[in-house]
>>> print(open('final.cif').read())   # mmCIF, C-alpha atoms
data_run
#
loop_
_atom_site.group_PDB
_atom_site.id
_atom_site.type_symbol
_atom_site.label_atom_id
_atom_site.label_comp_id
_atom_site.auth_asym_id
_atom_site.auth_seq_id
_atom_site.Cartn_x
_atom_site.Cartn_y
_atom_site.Cartn_z
ATOM 1 C CA ASP K 4 231.777 58.948 -57.309
ATOM 2 C CA THR K 5 235.449 58.778 -58.250
ATOM 3 C CA PHE K 6 236.074 57.754 -61.845
ATOM 4 C CA PHE K 7 238.915 57.673 -64.388
ATOM 5 C CA ARG K 8 238.386 60.237 -67.134
ATOM 6 C CA ASN K 9 240.322 58.449 -69.890
ATOM 7 C CA GLU K 10 239.087 54.947 -69.083
ATOM 8 C CA LYS K 11 238.003 52.660 -71.935
ATOM 9 C CA ILE K 12 237.499 49.324 -70.156
ATOM 10 C CA GLY K 13 237.595 48.653 -66.432
ATOM 11 C CA ARG K 14 236.735 45.834 -64.055
ATOM 12 C CA PHE K 15 236.818 44.983 -60.372
ATOM 13 C CA HIS K 16 238.390 41.848 -58.899
ATOM 14 C CA ASN K 17 235.965 39.637 -56.987
ATOM 15 C CA ILE K 18 237.865 36.374 -56.456
ATOM 16 C CA LEU K 19 237.389 35.006 -53.874
ATOM 17 C CA THR K 20 235.731 38.048 -52.350
ATOM 18 C CA PRO K 21 235.660 41.663 -53.570
ATOM 19 C CA ASN K 22 239.230 42.989 -53.331
ATOM 20 C CA LEU K 23 238.655 46.100 -51.213
ATOM 21 C CA TYR K 24 238.889 47.258 -47.638
ATOM 22 C CA VAL K 25 238.150 50.327 -45.508
ATOM 23 C CA ARG K 26 240.193 51.373 -42.457
ATOM 24 C CA VAL K 27 239.192 54.045 -39.966
ATOM 25 C CA PHE K 28 242.006 55.491 -37.825
ATOM 26 C CA PRO K 29 241.568 56.982 -34.338
ATOM 27 C CA ASN K 30 242.360 60.496 -35.617
ATOM 28 C CA GLY K 31 239.455 60.289 -38.029
ATOM 29 C CA ASP K 32 241.438 59.419 -41.201
ATOM 30 C CA ILE K 33 239.813 56.881 -43.493
ATOM 31 C CA LEU K 34 241.781 54.593 -45.839
ATOM 32 C CA TYR K 35 239.793 53.134 -48.711
ATOM 33 C CA SER K 36 241.639 50.619 -50.922
ATOM 34 C CA ILE K 37 240.275 48.775 -53.925
ATOM 35 C CA ARG K 38 241.825 46.685 -56.697
ATOM 36 C CA VAL K 39 240.848 47.780 -60.221
ATOM 37 C CA SER K 40 242.112 46.784 -63.708
ATOM 38 C CA LEU K 41 241.863 49.491 -66.374
ATOM 39 C CA ILE K 42 242.462 49.981 -70.076
ATOM 40 C CA VAL K 43 242.868 53.691 -70.729
ATOM 41 C CA THR K 44 243.465 55.799 -73.823
ATOM 42 C CA CYS K 45 246.979 57.074 -74.526
ATOM 43 C CA SER K 46 247.801 59.321 -77.445
ATOM 44 C CA MET K 47 251.166 58.347 -78.949
ATOM 45 C CA HIS K 48 253.445 59.942 -81.534
ATOM 46 C CA LEU K 49 255.311 57.164 -83.338
ATOM 47 C CA ALA K 50 257.583 59.166 -85.650
ATOM 48 C CA LEU K 51 260.686 57.888 -83.801
ATOM 49 C CA PHE K 52 259.442 54.311 -83.356
ATOM 50 C CA PRO K 53 261.204 52.218 -82.011
ATOM 51 C CA PHE K 54 263.483 54.930 -80.569
ATOM 52 C CA ASP K 55 260.568 56.765 -78.954
ATOM 53 C CA GLU K 56 259.377 57.256 -75.399
ATOM 54 C CA GLN K 57 255.668 57.504 -74.734
ATOM 55 C CA THR K 58 254.067 59.368 -71.844
ATOM 56 C CA CYS K 59 250.610 58.148 -70.856
ATOM 57 C CA TYR K 60 248.351 59.833 -68.354
ATOM 58 C CA LEU K 61 245.807 58.575 -65.847
ATOM 59 C CA TYR K 62 243.201 61.097 -64.728
ATOM 60 C CA VAL K 63 241.310 60.586 -61.432
ATOM 61 C CA ALA K 64 238.364 62.918 -60.841
ATOM 62 C CA SER K 65 234.885 63.178 -59.385
ATOM 63 C CA TYR K 66 232.036 62.592 -61.783
ATOM 64 C CA GLY K 67 229.421 64.787 -60.109
ATOM 65 C CA TRP K 68 230.915 66.781 -57.237
ATOM 66 C CA THR K 69 232.466 70.134 -58.097
ATOM 67 C CA MET K 70 235.404 71.751 -56.324
ATOM 68 C CA ASN K 71 232.955 73.516 -54.047
ATOM 69 C CA ASP K 72 232.141 70.138 -52.522
ATOM 70 C CA LEU K 73 235.188 67.881 -53.154
ATOM 71 C CA ILE K 74 238.897 68.533 -53.815
ATOM 72 C CA TYR K 75 241.459 65.820 -54.563
ATOM 73 C CA VAL K 76 244.922 66.369 -53.067
ATOM 74 C CA TRP K 77 248.094 64.275 -53.273
ATOM 75 C CA LYS K 78 249.172 63.108 -49.815
ATOM 76 C CA ASP K 79 252.818 64.043 -50.481
ATOM 77 C CA GLN K 80 255.421 64.132 -53.262
ATOM 78 C CA GLU K 81 255.953 60.355 -52.991
ATOM 79 C CA ALA K 82 252.308 59.349 -52.902
ATOM 80 C CA LEU K 83 252.684 57.541 -56.246
ATOM 81 C CA GLN K 84 254.531 54.246 -55.732
ATOM 82 C CA PHE K 85 255.393 51.277 -57.979
ATOM 83 C CA ALA K 86 256.874 47.874 -57.357
ATOM 84 C CA ASN K 87 260.635 47.629 -57.874
ATOM 85 C CA ASN K 88 260.458 44.406 -59.901
ATOM 86 C CA ILE K 89 257.738 45.567 -62.307
ATOM 87 C CA SER K 90 258.105 44.198 -65.860
ATOM 88 C CA LEU K 91 256.198 45.135 -68.990
ATOM 89 C CA PRO K 92 255.510 43.050 -72.117
ATOM 90 C CA GLY K 93 256.047 44.095 -75.724
ATOM 91 C CA GLY K 94 259.581 45.427 -75.369
ATOM 92 C CA PHE K 95 258.738 48.212 -72.891
ATOM 93 C CA LYS K 96 260.329 49.306 -69.656
ATOM 94 C CA MET K 97 259.027 51.753 -67.075
ATOM 95 C CA GLY K 98 260.647 55.159 -67.144
ATOM 96 C CA ASP K 99 260.251 58.139 -64.861
ATOM 97 C CA THR K 100 256.837 58.703 -63.298
ATOM 98 C CA GLY K 101 255.199 61.839 -61.982
ATOM 99 C CA GLN K 102 252.112 63.217 -60.290
ATOM 100 C CA ASP K 103 250.284 66.437 -60.961
ATOM 101 C CA TYR K 104 246.865 68.133 -60.932
ATOM 102 C CA CYS K 105 244.522 68.333 -63.907
ATOM 103 C CA ASP K 106 241.574 70.409 -62.657
ATOM 104 C CA VAL K 107 239.069 70.950 -65.441
ATOM 105 C CA LYS K 108 236.345 73.545 -65.937
ATOM 106 C CA THR K 109 233.259 72.571 -67.909
ATOM 107 C CA ALA K 110 229.806 73.978 -68.535
ATOM 108 C CA THR K 111 228.510 72.261 -65.383
ATOM 109 C CA GLY K 112 231.247 73.524 -63.082
ATOM 110 C CA GLU K 113 234.910 73.188 -62.094
ATOM 111 C CA TYR K 114 236.096 69.731 -61.033
ATOM 112 C CA SER K 115 239.138 68.605 -59.093
ATOM 113 C CA CYS K 116 241.409 66.080 -60.823
ATOM 114 C CA LEU K 117 244.600 64.164 -60.103
ATOM 115 C CA GLN K 118 247.039 63.311 -62.888
ATOM 116 C CA VAL K 119 249.446 60.361 -63.000
ATOM 117 C CA ASP K 120 252.311 60.538 -65.522
ATOM 118 C CA LEU K 121 253.595 57.181 -66.778
ATOM 119 C CA VAL K 122 256.631 57.156 -69.054
ATOM 120 C CA PHE K 123 257.213 54.008 -71.134
ATOM 121 C CA CYS K 124 260.590 53.440 -72.813
ATOM 122 C CA ARG K 125 261.146 50.858 -75.512
ATOM 123 C CA GLU K 126 263.762 48.156 -75.171
ATOM 124 C CA LEU K 127 265.836 48.634 -78.325
ATOM 125 C CA SER K 128 267.395 45.168 -78.020
ATOM 126 C CA TYR K 129 263.965 43.592 -78.529
ATOM 127 C CA PHE K 130 263.467 45.422 -81.831
ATOM 128 C CA MET K 131 267.046 44.767 -82.918
ATOM 129 C CA VAL K 132 266.450 41.022 -82.685
ATOM 130 C CA THR K 133 262.942 40.999 -84.164
ATOM 131 C CA MET K 134 263.174 43.721 -86.836
ATOM 132 C CA TYR K 135 266.587 45.187 -87.645
ATOM 133 C CA ILE K 136 268.801 42.105 -87.746
ATOM 134 C CA PRO K 137 266.406 40.036 -89.954
ATOM 135 C CA CYS K 138 266.117 42.894 -92.463
ATOM 136 C CA PHE K 139 269.901 43.361 -92.466
ATOM 137 C CA MET K 140 270.467 39.647 -93.087
ATOM 138 C CA ILE K 141 267.978 39.576 -95.983
ATOM 139 C CA VAL K 142 269.766 42.504 -97.657
ATOM 140 C CA VAL K 143 273.166 40.819 -97.267
ATOM 141 C CA VAL K 144 271.815 37.530 -98.668
ATOM 142 C CA SER K 145 270.565 39.386 -101.756
ATOM 143 C CA TRP K 146 274.177 40.438 -102.465
ATOM 144 C CA PHE K 147 275.264 36.802 -102.835
ATOM 145 C CA ALA K 148 273.869 36.962 -106.358
ATOM 146 C CA PHE K 149 276.831 39.159 -107.374
ATOM 147 C CA TRP K 150 279.156 36.157 -106.916
ATOM 148 C CA ILE K 151 276.984 33.787 -108.956
ATOM 149 C CA ASP K 152 277.765 33.416 -112.660
ATOM 150 C CA HIS K 153 275.475 35.610 -114.750
ATOM 151 C CA LYS K 154 274.783 32.645 -117.016
ATOM 152 C CA ALA K 155 273.057 30.840 -114.117
ATOM 153 C CA ALA K 156 269.809 32.731 -114.629
ATOM 154 C CA PRO K 157 267.530 30.410 -112.574
ATOM 155 C CA ALA K 158 269.767 30.644 -109.495
ATOM 156 C CA ARG K 159 270.096 34.433 -109.563
ATOM 157 C CA VAL K 160 266.440 35.127 -110.332
ATOM 158 C CA THR K 161 265.294 32.710 -107.617
ATOM 159 C CA LEU K 162 267.604 34.301 -105.056
ATOM 160 C CA GLY K 163 266.476 37.816 -105.977
ATOM 161 C CA VAL K 164 262.754 37.051 -105.943
ATOM 162 C CA THR K 165 263.004 35.022 -102.716
ATOM 163 C CA THR K 166 264.806 37.791 -100.832
ATOM 164 C CA LEU K 167 262.332 40.377 -102.143
ATOM 165 C CA LEU K 168 259.374 38.285 -100.963
ATOM 166 C CA ALA K 169 261.033 37.661 -97.595
ATOM 167 C CA MET K 170 261.641 41.382 -97.163
ATOM 168 C CA SER K 171 258.028 42.175 -98.099
ATOM 169 C CA THR K 172 256.738 39.604 -95.594
ATOM 170 C CA THR K 173 258.951 41.005 -92.834
ATOM 171 C CA MET K 174 257.799 44.533 -93.605
ATOM 172 C CA ALA K 175 254.139 43.447 -93.516
ATOM 173 C CA SER K 176 254.599 41.742 -90.140
ATOM 174 C CA ILE K 177 256.185 44.915 -88.753
ATOM 175 C CA GLN K 178 253.314 47.081 -89.955
ATOM 176 C CA LYS K 179 250.758 44.615 -88.617
ATOM 177 C CA SER K 180 251.975 45.111 -85.057
ATOM 178 C CA LEU K 181 251.664 48.914 -85.269
ATOM 179 C CA PRO K 182 248.656 51.202 -85.534
ATOM 180 C CA PRO K 183 248.195 52.900 -88.919
ATOM 181 C CA VAL K 184 249.431 56.486 -88.885
ATOM 182 C CA ALA K 185 249.625 59.193 -91.538
ATOM 183 C CA TYR K 186 253.341 59.929 -91.131
ATOM 184 C CA THR K 187 256.587 58.062 -91.685
ATOM 185 C CA LYS K 188 258.126 56.196 -88.765
ATOM 186 C CA ALA K 189 261.778 55.395 -88.186
ATOM 187 C CA ILE K 190 261.148 51.705 -88.816
ATOM 188 C CA ASP K 191 259.432 52.621 -92.105
ATOM 189 C CA VAL K 192 262.613 54.331 -93.287
ATOM 190 C CA TRP K 193 264.696 51.274 -92.401
ATOM 191 C CA SER K 194 262.380 48.683 -93.952
ATOM 192 C CA GLY K 195 261.752 50.836 -97.031
ATOM 193 C CA VAL K 196 265.461 51.280 -97.747
ATOM 194 C CA CYS K 197 266.075 47.552 -97.192
ATOM 195 C CA VAL K 198 263.330 46.691 -99.696
ATOM 196 C CA PHE K 199 264.860 49.213 -102.112
ATOM 197 C CA PHE K 200 268.315 47.594 -101.861
ATOM 198 C CA VAL K 201 266.869 44.108 -102.396
ATOM 199 C CA PHE K 202 264.925 45.409 -105.400
ATOM 200 C CA LEU K 203 268.076 47.045 -106.794
ATOM 201 C CA SER K 204 269.984 43.762 -106.521
ATOM 202 C CA LEU K 205 267.268 42.126 -108.623
ATOM 203 C CA MET K 206 267.365 44.964 -111.160
ATOM 204 C CA GLU K 207 271.153 44.662 -111.253
ATOM 205 C CA TYR K 208 270.811 41.193 -112.738
ATOM 206 C CA ALA K 209 268.508 42.579 -115.431
ATOM 207 C CA LEU K 210 271.277 45.034 -116.337
ATOM 208 C CA VAL K 211 273.870 42.258 -116.228
ATOM 209 C CA ASN K 212 271.737 40.086 -118.499
ATOM 210 C CA TYR K 213 271.386 42.951 -120.983
ATOM 211 C CA ALA K 214 275.134 43.631 -120.861
ATOM 212 C CA ALA K 215 275.872 39.921 -121.421
ATOM 213 C CA ARG K 216 273.713 39.862 -124.545
ATOM 214 C CA THR K 217 275.383 43.065 -125.742
ATOM 215 C CA ASP K 218 278.822 41.522 -125.168
ATOM 216 C CA ALA K 219 277.817 38.435 -127.143
ATOM 217 C CA GLN K 220 276.574 40.568 -130.047
ATOM 218 C CA ARG K 221 279.730 42.663 -129.955
ATOM 219 C CA ALA K 222 281.910 39.543 -130.005
ATOM 220 C CA THR K 223 279.946 38.111 -132.945
ATOM 221 C CA GLU K 224 280.264 41.345 -134.927
ATOM 222 C CA LYS K 225 283.978 41.535 -134.130
ATOM 223 C CA LYS K 226 284.494 37.984 -135.353
ATOM 224 C CA LYS K 227 282.582 38.699 -138.573
ATOM 225 C CA ARG K 228 284.612 41.862 -139.149
ATOM 226 C CA LYS K 229 287.869 40.000 -138.587
ATOM 227 C CA ASP K 230 286.866 37.220 -140.990
ATOM 228 C CA LYS K 231 285.925 39.822 -143.582
ATOM 229 C CA GLU K 232 289.282 41.596 -143.178
ATOM 230 C CA ILE K 233 291.135 38.326 -143.584
ATOM 231 C CA GLU K 234 289.153 37.616 -146.733
ATOM 232 C CA LEU K 235 289.902 41.080 -148.152
ATOM 233 C CA LEU K 236 293.608 40.724 -147.358
ATOM 234 C CA ALA K 237 293.685 37.392 -149.150
ATOM 235 C CA MET K 238 292.018 38.893 -152.229
ATOM 236 C CA ALA K 239 294.395 41.870 -152.147
ATOM 237 C CA ALA K 240 297.399 39.543 -151.949
ATOM 238 C CA ASP K 241 296.183 37.633 -155.018
ATOM 239 C CA ASN K 242 295.698 40.877 -156.973
ATOM 240 C CA ASN K 243 299.175 42.128 -156.004
ATOM 241 C CA GLU K 244 300.775 38.935 -157.290
ATOM 242 C CA LEU K 245 299.049 39.357 -160.660
ATOM 243 C CA GLU K 246 300.084 43.037 -160.895
ATOM 244 C CA ASP K 247 303.687 42.223 -159.981
ATOM 245 C CA GLN K 248 303.855 39.724 -162.774
ATOM 246 C CA ASP K 249 302.613 42.351 -165.273
ATOM 247 C CA ASP K 250 304.938 45.063 -163.910
ATOM 248 C CA LEU K 251 308.016 42.946 -164.434
ATOM 249 C CA LYS K 252 307.429 43.111 -168.178
ATOM 250 C CA ASP K 253 307.469 46.954 -168.348
ATOM 251 C CA PRO K 254 310.707 48.733 -167.174
ATOM 252 C CA LEU K 255 308.910 52.104 -166.702
ATOM 253 C CA LEU K 256 306.394 50.615 -164.264
ATOM 254 C CA ARG K 257 309.210 48.921 -162.374
ATOM 255 C CA ARG K 258 310.851 52.366 -161.858
ATOM 256 C CA VAL K 259 307.607 53.940 -160.626
ATOM 257 C CA ASN K 260 306.890 51.134 -158.190
ATOM 258 C CA SER K 261 310.374 51.365 -156.712
ATOM 259 C CA SER K 262 309.917 55.094 -155.848
ATOM 260 C CA LYS K 263 308.748 56.217 -152.333
ATOM 261 C CA PRO K 264 305.031 57.049 -151.973
ATOM 262 C CA ILE K 265 303.963 60.571 -150.948
ATOM 263 C CA LEU K 266 301.613 60.612 -147.977
ATOM 264 C CA THR K 267 298.485 62.715 -148.350
ATOM 265 C CA ALA K 268 298.701 63.775 -144.725
ATOM 266 C CA SER K 269 301.942 65.628 -145.491
ATOM 267 C CA ILE K 270 300.143 67.670 -148.157
ATOM 268 C CA ILE K 271 296.702 68.291 -146.512
ATOM 269 C CA PRO K 272 296.951 68.743 -142.720
ATOM 270 C CA SER K 273 294.283 66.859 -140.760
ATOM 271 C CA PRO K 274 292.272 68.698 -138.076
ATOM 272 C CA THR K 275 293.573 68.143 -134.546
ATOM 273 C CA PRO K 276 290.855 66.916 -132.163
ATOM 274 C CA SER K 277 290.393 68.748 -128.862
ATOM 275 C CA ARG K 278 291.922 67.305 -125.729
ATOM 276 C CA LEU K 279 288.505 66.825 -124.063
ATOM 277 C CA SER K 280 287.002 64.909 -126.976
ATOM 278 C CA HIS K 281 290.170 62.813 -127.217
ATOM 279 C CA LYS K 282 289.900 61.853 -123.531
ATOM 280 C CA PHE K 283 286.207 61.100 -123.876
ATOM 281 C CA GLN K 284 286.840 58.889 -126.906
ATOM 282 C CA PHE K 285 289.659 57.104 -125.076
ATOM 283 C CA TRP K 286 287.351 56.518 -122.074
ATOM 284 C CA MET K 287 284.598 55.162 -124.353
ATOM 285 C CA ASP K 288 287.030 52.805 -126.066
ATOM 286 C CA THR K 289 288.665 51.454 -122.915
ATOM 287 C CA TRP K 290 285.814 51.441 -120.336
ATOM 288 C CA LYS K 291 283.047 49.151 -121.532
ATOM 289 C CA PHE K 292 280.431 48.004 -119.051
ATOM 290 C CA GLY K 293 280.594 44.263 -119.516
ATOM 291 C CA ALA K 294 278.462 41.825 -117.564
ATOM 292 C CA LYS K 295 281.345 40.659 -115.391
ATOM 293 C CA LYS K 296 282.464 44.214 -114.705
ATOM 294 C CA ILE K 297 278.995 45.226 -113.465
ATOM 295 C CA ASP K 298 278.982 42.337 -110.981
ATOM 296 C CA VAL K 299 282.468 43.249 -109.762
ATOM 297 C CA LEU K 300 281.475 46.897 -109.245
ATOM 298 C CA SER K 301 278.243 45.902 -107.482
ATOM 299 C CA ARG K 302 280.185 43.841 -104.942
ATOM 300 C CA SER K 303 281.711 47.092 -103.669
ATOM 301 C CA ILE K 304 279.075 49.738 -104.463
ATOM 302 C CA PHE K 305 276.117 48.021 -102.780
ATOM 303 C CA PRO K 306 277.843 47.378 -99.395
ATOM 304 C CA LEU K 307 279.378 50.854 -99.464
ATOM 305 C CA CYS K 308 276.041 52.593 -100.067
ATOM 306 C CA PHE K 309 274.295 50.462 -97.439
ATOM 307 C CA SER K 310 277.043 51.237 -94.923
ATOM 308 C CA ILE K 311 276.655 54.976 -95.578
ATOM 309 C CA PHE K 312 272.903 54.643 -95.040
ATOM 310 C CA ASN K 313 273.446 52.753 -91.768
ATOM 311 C CA ILE K 314 275.818 55.408 -90.449
ATOM 312 C CA SER K 315 273.382 58.196 -91.330
ATOM 313 C CA TYR K 316 270.328 56.332 -90.020
ATOM 314 C CA TRP K 317 271.711 55.305 -86.644
ATOM 315 C CA SER K 318 273.469 58.636 -86.061
ATOM 316 C CA TYR K 319 270.306 60.633 -86.720
ATOM 317 C CA TYR K 320 267.785 58.559 -84.779
ATOM 318 C CA LEU K 321 270.032 57.835 -81.801
ATOM 319 C CA ASN K 322 270.671 61.573 -81.478
ATOM 320 C CA GLN K 323 266.920 62.184 -81.689
ATOM 321 C CA LYS K 324 266.399 59.658 -78.899
ATOM 322 C CA ALA K 325 269.035 61.365 -76.744
ATOM 323 C CA ASP K 326 267.387 64.752 -77.310
ATOM 324 C CA THR K 327 263.991 63.318 -76.355
ATOM 325 C CA GLU K 328 265.350 61.814 -73.141
ATOM 326 C CA SER K 329 267.077 65.077 -72.190
#
>>> encode(input="final.cif", output="structure tokens")
Amino acid sequence: DTFFRNEKIGRFHNILTPNLYVRVFPNGDILYSIRVSLIVTCSMHLALFPFDEQTCYLYVASYGWTMNDLIYVWKDQEALQFANNISLPGGFKMGDTGQDYCDVKTATGEYSCLQVDLVFCRELSYFMVTMYIPCFMIVVVSWFAFWIDHKAAPARVTLGVTTLLAMSTTMASIQKSLPPVAYTKAIDVWSGVCVFFVFLSLMEYALVNYAARTDAQRATEKKKRKDKEIELLAMAADNNELEDQDDLKDPLLRRVNSSKPILTASIIPSPTPSRLSHKFQFWMDTWKFGAKKIDVLSRSIFPLCFSIFNISYWSYYLNQKADTES
């Protein structure tokens, strides 16, 4: 009555005849071989996905006979054997395997059990091609908007929205292939940060658009102020000509006008501003965040921040993978 304790679905192979045989040796040993296909449960922890290694177990036990009647024993240390050319789908490869005992004691008695340890490692190259490189390319494409003129609003908005939708679709396809868990996975960190960078590139254009409108208003006000100053200077010049004509008639006024004026600053000293406020005012006057300047800064800041994230991400998770393997 041998059965597999963690079996979910199982079936025998009956084509063309039932795939089993029994051999009886002269010394009394009996070899019983049967071909069975099983789907078994395997509890996985996906916090390091796709840098993780999963260990699944296969439990072989007797359903009704206790250890007083039946005991399972491994033939030797190499009783568990696998084909050398075995290949697994879904980006997996077979790791180290092991064999052990998993005797269990229940309310009905103590039962003998054999345990098979199967270690599955993920092929990182598979996930690099299907997940990491597409996300990286979408983020880089979103930066092309920094080289497009801020006046070309349709082009920049279309590029930003398209990359954001592409990133959302890629993230949804990644989550669809994984079971839902209550914790954050390594791929969630990568895809979430990529979506954040694409979203920031779209928000950057909103800031550029606002700065462009501010620059236009500032230029209009500056032009109005300059026209007003020119108008005032013209009126002052006309008034001075009229006064000069009147002053020429009076010799006393001519003597007063020819004297040197006394500056008020030499009589009443003006307060000296602090060095810190002077530097702050100089910085405010010289450094103005124009639309073009924001795009130029973004061309360097965005790749730099994304590079720092990549260094931190790959250093941390590759070290975690090495620790898990050790």
>>> closest_atom_pairs(input="final.cif", of="range 202-230 of chain K", to="range 134-146 of chain K", cutoff="10 Å", atoms="all atoms listed in the file", output="JSON lines")
{"residue": "K:Phe202", "atom": "CA", "partner": "K:Ser145", "partner_atom": "CA", "distance": 9.0}
{"residue": "K:Leu203", "atom": "CA", "partner": "K:Ser145", "partner_atom": "CA", "distance": 9.5}
{"residue": "K:Ser204", "atom": "CA", "partner": "K:Ser145", "partner_atom": "CA", "distance": 6.5}
{"residue": "K:Leu205", "atom": "CA", "partner": "K:Ser145", "partner_atom": "CA", "distance": 8.1}
>>> resolve_selection(input="final.cif", expression="the PyMOL selection byres ((chain K and resi 40) around 12)", output="list of chain:residue names")
K:Phe7, K:Glu10, K:Lys11, K:Ile12, K:Gly13, K:Arg14, K:Phe15, K:His16, K:Asn17, K:Asn22, K:Ile37, K:Arg38, K:Val39, K:Leu41, K:Ile42, K:Val43
>>> write_last_selection(input="final.cif", atoms="C-alpha atoms", output="PDB file, in the coordinates of the input")
ATOM      1  CA  PHE K   7     238.915  57.673 -64.388  1.00  0.00           C
ATOM      2  CA  GLU K  10     239.087  54.947 -69.083  1.00  0.00           C
ATOM      3  CA  LYS K  11     238.003  52.660 -71.935  1.00  0.00           C
ATOM      4  CA  ILE K  12     237.499  49.324 -70.156  1.00  0.00           C
ATOM      5  CA  GLY K  13     237.595  48.653 -66.432  1.00  0.00           C
ATOM      6  CA  ARG K  14     236.735  45.834 -64.055  1.00  0.00           C
ATOM      7  CA  PHE K  15     236.818  44.983 -60.372  1.00  0.00           C
ATOM      8  CA  HIS K  16     238.390  41.848 -58.899  1.00  0.00           C
ATOM      9  CA  ASN K  17     235.965  39.637 -56.987  1.00  0.00           C
ATOM     10  CA  ASN K  22     239.230  42.989 -53.331  1.00  0.00           C
ATOM     11  CA  ILE K  37     240.275  48.775 -53.925  1.00  0.00           C
ATOM     12  CA  ARG K  38     241.825  46.685 -56.697  1.00  0.00           C
ATOM     13  CA  VAL K  39     240.848  47.780 -60.221  1.00  0.00           C
ATOM     14  CA  LEU K  41     241.863  49.491 -66.374  1.00  0.00           C
ATOM     15  CA  ILE K  42     242.462  49.981 -70.076  1.00  0.00           C
ATOM     16  CA  VAL K  43     242.868  53.691 -70.729  1.00  0.00           C
TER      17      VAL K  43
END
>>> atom_distance(input="final.cif", atom1="CA of Asp4 in chain K", atom2="CA of Met47 in chain K")
29.1 Å
>>> atom_distance(input="final.cif", atom1="CA of Ala64 in chain K", atom2="CA of His48 in chain K")
25.8 Å
>>> closest_residue(input="final.cif", among="K:Gln57, K:Asn71, K:Ser310, K:Glu113", to="Phe95 in chain K", atoms="all atoms listed in the file")
K:Gln57
>>> atom_distance(input="final.cif", atom1="CA of Pro157 in chain K", atom2="CA of Val201 in chain K")
17.1 Å
>>> resolve_selection(input="final.cif", expression="the PyMOL selection byres ((chain K and resi 82-84) around 12)", output="list in words")
Leu61, Val76, Trp77, Lys78, Asp79, Gln80, Glu81, Phe85, Ala86, Asn87, Ile89, Asp99, Thr100, Gly101, Gln102, Asp103, Leu117, Gln118, Val119, Asp120 and Leu121 of chain K
>>> closest_residue(input="final.cif", among="K:Gly195, K:Gly112, K:Gly67, K:Pro21", to="Gln178 in chain K", atoms="only C-alpha atoms")
K:Gly195
>>> residues_around(input="final.cif", residues="Cys124 in chain K", least_positions_apart="5", cutoff="6 Å", atoms="only C-alpha atoms", output="VMD selection string")
chain K and resid 56 95 to 96 98
>>> residues_around(input="final.cif", residues="range 180-192 of chain K", least_positions_apart="3", cutoff="6 Å", atoms="only C-alpha atoms", output="PyMOL selection string")
chain K and resi 50-52+177+195
>>> write_last_selection(input="final.cif", atoms="C-alpha atoms", output="PDB file, keeping the file's coordinate frame")
ATOM      1  CA  ALA K  50     257.583  59.166 -85.650  1.00  0.00           C
ATOM      2  CA  LEU K  51     260.686  57.888 -83.801  1.00  0.00           C
ATOM      3  CA  PHE K  52     259.442  54.311 -83.356  1.00  0.00           C
ATOM      4  CA  ILE K 177     256.185  44.915 -88.753  1.00  0.00           C
ATOM      5  CA  GLY K 195     261.752  50.836 -97.031  1.00  0.00           C
TER       6      GLY K 195
END
>>> resolve_selection(input="final.cif", expression="the PyMOL selection byres ((chain K and resi 213) around 12)", output="list in words")
His153, Lys154, Met206, Glu207, Tyr208, Ala209, Leu210, Val211, Asn212, Ala214, Ala215, Arg216, Thr217, Asp218, Ala219, Gln220, Phe292, Gly293, Ala294, Lys295 and Ile297 of chain K
>>> closest_residue(input="final.cif", among="K:Phe28, K:Cys105, K:Phe54, K:Asp72", to="Glu126 in chain K", atoms="all atoms listed in the file")
K:Phe54
>>> closest_residue(input="final.cif", among="K:Cys197, K:Val27, K:Met131, K:Ala222", to="Pro53 in chain K", atoms="only C-alpha atoms")
K:Met131
>>> closest_residue(input="final.cif", among="K:Tyr114, K:Ile314, K:Tyr129, K:Gly163", to="Ile151 in chain K", atoms="all atoms listed in the file")
K:Gly163
>>> closest_residue(input="final.cif", among="K:Asp298, K:Glu232, K:Asp106, K:Asp55", to="Asn322 in chain K", atoms="all atoms listed in the file")
K:Asp55
>>> residues_around(input="final.cif", residues="Ser115 in chain K", least_positions_apart="6", cutoff="9 Å", atoms="only C-alpha atoms", output="PDB file with C-alpha atoms, keeping the file's coordinate frame")
ATOM      1  CA  VAL K  63     241.310  60.586 -61.432  1.00  0.00           C
ATOM      2  CA  ALA K  64     238.364  62.918 -60.841  1.00  0.00           C
ATOM      3  CA  SER K  65     234.885  63.178 -59.385  1.00  0.00           C
ATOM      4  CA  TRP K  68     230.915  66.781 -57.237  1.00  0.00           C
ATOM      5  CA  THR K  69     232.466  70.134 -58.097  1.00  0.00           C
ATOM      6  CA  MET K  70     235.404  71.751 -56.324  1.00  0.00           C
ATOM      7  CA  LEU K  73     235.188  67.881 -53.154  1.00  0.00           C
ATOM      8  CA  ILE K  74     238.897  68.533 -53.815  1.00  0.00           C
ATOM      9  CA  TYR K  75     241.459  65.820 -54.563  1.00  0.00           C
ATOM     10  CA  VAL K  76     244.922  66.369 -53.067  1.00  0.00           C
ATOM     11  CA  TYR K 104     246.865  68.133 -60.932  1.00  0.00           C
ATOM     12  CA  CYS K 105     244.522  68.333 -63.907  1.00  0.00           C
ATOM     13  CA  ASP K 106     241.574  70.409 -62.657  1.00  0.00           C
ATOM     14  CA  VAL K 107     239.069  70.950 -65.441  1.00  0.00           C
ATOM     15  CA  LYS K 108     236.345  73.545 -65.937  1.00  0.00           C
TER      16      LYS K 108
END
>>> residues_around(input="final.cif", residues="Val25 in chain K", least_positions_apart="5", cutoff="10 Å", atoms="only C-alpha atoms", output="MDAnalysis selection string")
chainID K and resid 33:37
>>> residues_around(input="final.cif", residues="Leu162 in chain K", least_positions_apart="3", cutoff="7 Å", atoms="all atoms listed in the file", output="VMD selection string")
chain K and resid 145 148 158 to 159 165 to 166
